[in-house]
Each structure stands twice: as structure tokens, then as C-alpha cells.
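Engineer: Just dropping this structure here.
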Amino acid sequence: MASQTGRAARATRESGRQTRDALFTAATELFLEHGDGVAITQICAAAGAHPNQVTYYYGSKERLFVEVACAAVLRAGKRAEDDAATAETVGDYTEKLVGSLLGPGAPSVELFVEAMLMTGRRGELRDLITDTLRTLHSSGEDALIRTLMRTGWQLRAGIDVEAKAFWSAIFGLVIQKTATGESFGYSLEEAVAVIFANLQIPETVLNTSID
């Protein structure tokens, strides 16, 4: 009897994990395509779940949205670093990094910007944003160490500040890109220049090889 009860409990937990994962996967696809205007009923229809299960597993649609946005921007940041890993110069590295974040990664970054704005009204969600920003900044510090500092260029401020400045510039560019659509005024080269100007990195560093 005890073993049957244990098996039933494990089956229930596994079913719960599957439902939670299905909701997260469906929400990710829908939020990336439509933003936070997606209805709970749409998410549940795509996940094969019921609306009360969103509340049960996530507390609210808003928390689900923020969790999806945080995971999405972390994936975008990792993909950007992977895209830039083959670069041979600082300029090439930055172009690939920014190109990835403003190109295929832009919907994920935009989603995270929406989530940051949402937490201004939902203070209980701020820890999710804070933890994600901390991870992005830490990853950015590692990227700067691997590139700029190995060229011999001296950073103007602490590396943690530079990493925050980089992501602040990315968020600003993505907001402009989202707001202006096809009329977005920056080419990739100009966007890279904006990043370098924001970090006050001289052009002479652009052609420096990454050893």
C-alpha cells in the first residue's frame, strides 16, 4: 500500500512538472510573438492546460511573463557570446555580439525590457529581474575580461560598471528599434559605434587582435 502511494505521488509530481513545462513553453512562443497582451486562455489552449493551472504553478500571468522574459534574455545573451566566440579582433567581436542581440536576439531583449517595466508596477516580481540582471552583468564582465582587457586597454571604470553600461546601451537600442520599426536609424556598424562610444572605447582598439 505504501509503495502504491509513493508511486502515485511520484506520478502526480511528474504530471505537475510536465504541465508546468508545457505552460512555460507555450507562453514563451506566444509572448515572444505577441508580447504581454497574450491571454491566459491562449496559453492554456496551446499547452493543453486549464487557466487555474497558470495560477497554481506560477501565481499569475504576470509572473509567468517575467519568468519567460528572464529566461529568454539569458538565452539571447548566451547565444550572442557563442556567435562572437570566433571573432579575431575586438571590433569583430563587438559587431557579432551586438548584431546577435539586435538581430535574432532582439525579441528576447525586448521581452525583458517589457518585463522590467512591468515590475515597476509589480514589486513582488523584482527579485526575478534583479537576479537576471546580475547574471547578465556577470557574464558581461567575463566577456570584457576575455576581450578588451587582454588588449592592454585600460577600462575607465570598474569592470562591473562597464558590463552594466554595455547592457544599458543594448536595452536602449532595442527600445528604439522596437519603437521605430523599419525606420530604425542605426545600421549594425552604427549600433556598434554607439556601444563603443557609450563605453568610451577608442577606435584604435577595434583592430586589436584577441589572443
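All residue names refer to the C-alpha cells as shown: chains lettered A, B, ... in order, residues numbered from 1 in each chain, ligands numbered from 1 in order.
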Find the spatial neighbours of Ser138 of chain A, counting only C-alpha atoms, within a cut-off of 8 Å - ignore same-chain residues fewer than 3 positions away - and output them as a list in words.
Structural biologist: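 Skipping anything fewer than 3 positions along the chain leaves Arg134, Thr135, Glu141, Asp142, Asp160 and Ala163 of chain A.
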Engineer: Would you mind exporting the chosen residues as a tab-separated table (two decimals), in the first residue's frame, restricted to all heavy atoms?
Structural biologist:
```
chain	number	residue	atom	x	y	z
A	134	ARG	N	21.76	40.58	-12.69
A	134	ARG	CA	23.03	40.20	-12.05
A	134	ARG	C	23.76	39.15	-12.90
A	134	ARG	O	24.98	39.24	-13.10
A	134	ARG	CB	22.76	39.67	-10.65
A	134	ARG	CG	24.05	39.43	-9.85
A	134	ARG	CD	23.73	38.92	-8.45
A	134	ARG	NE	23.03	39.93	-7.66
A	134	ARG	CZ	21.79	39.82	-7.21
A	134	ARG	NH1	21.09	38.73	-7.48
A	134	ARG	NH2	21.24	40.77	-6.49
A	135	THR	N	23.03	38.20	-13.43
A	135	THR	CA	23.63	37.17	-14.28
A	135	THR	C	24.14	37.77	-15.58
A	135	THR	O	25.25	37.44	-16.04
A	135	THR	CB	22.60	36.06	-14.59
A	135	THR	OG1	22.17	35.47	-13.36
A	135	THR	CG2	23.21	34.98	-15.47
A	141	GLU	N	30.91	40.87	-17.63
A	141	GLU	CA	32.24	41.06	-17.05
A	141	GLU	C	33.21	40.03	-17.62
A	141	GLU	O	34.35	40.35	-17.98
A	141	GLU	CB	32.17	40.93	-15.53
A	141	GLU	CG	31.43	42.07	-14.84
A	141	GLU	CD	31.25	41.80	-13.36
A	141	GLU	OE1	32.08	41.06	-12.80
A	141	GLU	OE2	30.28	42.30	-12.77
A	142	ASP	N	32.77	38.79	-17.69
A	142	ASP	CA	33.62	37.74	-18.23
A	142	ASP	C	33.99	38.03	-19.69
A	142	ASP	O	35.13	37.81	-20.12
A	142	ASP	CB	32.92	36.38	-18.15
A	142	ASP	CG	32.74	35.89	-16.72
A	142	ASP	OD1	33.47	36.40	-15.85
A	142	ASP	OD2	31.90	35.03	-16.50
A	160	ASP	N	32.61	45.86	-13.54
A	160	ASP	CA	31.19	45.66	-13.28
A	160	ASP	C	30.38	46.83	-13.82
A	160	ASP	O	29.29	46.65	-14.37
A	160	ASP	CB	30.93	45.48	-11.79
A	160	ASP	CG	31.42	46.65	-10.96
A	160	ASP	OD1	32.42	47.29	-11.35
A	160	ASP	OD2	30.82	46.92	-9.91
A	163	ALA	N	30.21	46.50	-17.67
A	163	ALA	CA	29.25	45.48	-18.09
A	163	ALA	C	27.82	46.03	-18.01
A	163	ALA	O	26.99	45.79	-18.89
A	163	ALA	CB	29.39	44.24	-17.22
```
Engineer: Extract, using only C-alpha atoms, all DNA, RNA and protein residues at most 10 Å from Thr94 of chain A, discarding same-chain residues fewer than 2 positions from it, and format them as a list of chain:residue names.
Structural biologist: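 Listed by chain and then number, they are A:Ala80, A:Glu81, A:Ala84, A:Ala87, A:Thr89, A:Val90, A:Gly91, A:Asp92, A:Lys96, A:Leu97, A:Val98, A:Gly99, A:Ser100, A:Thr147, A:Glu189, A:Ala191, A:Val192, A:Ala193, A:Ile195, A:Phe196, A:Leu206.
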Engineer: Nearest residue to Tyr186 of chain A out of A:Ile159, A:Val109, A:Leu102, A:Ala71, using only C-alpha atoms?
Structural biologist: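 Nearest candidate to Tyr186 of chain A out of A:Ile159, A:Val109, A:Leu102, A:Ala71: A:Leu102.
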Engineer: Report as a ChimeraX atom specification all protein, DNA and RNA residues lying within 12 Å of segment 117-124 of chain A, evaluated on only C-alpha atoms, omitting residues in the same chain fewer than 6 positions from it.
Structural biologist: /A:35-36,59-67,69,110-111,130,171,175
Engineer: When you count only C-alpha atoms, which of these residues is closest to Pro104 of chain A: A:Cys44, A:Leu23, A:Ala76, A:Leu188?
Structural biologist: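 The answer is A:Ala76, which sits nearest to Pro104 of chain A.
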Engineer: Using DSSP assignments from the backbone, pull out every residue in segment 53-112 of chain A that falls under helix (DSSP H, G or I) and give it to me as a PyMOL selection string.
Structural biologist: chain A and resi 53-58+61-84+90-102+106-112
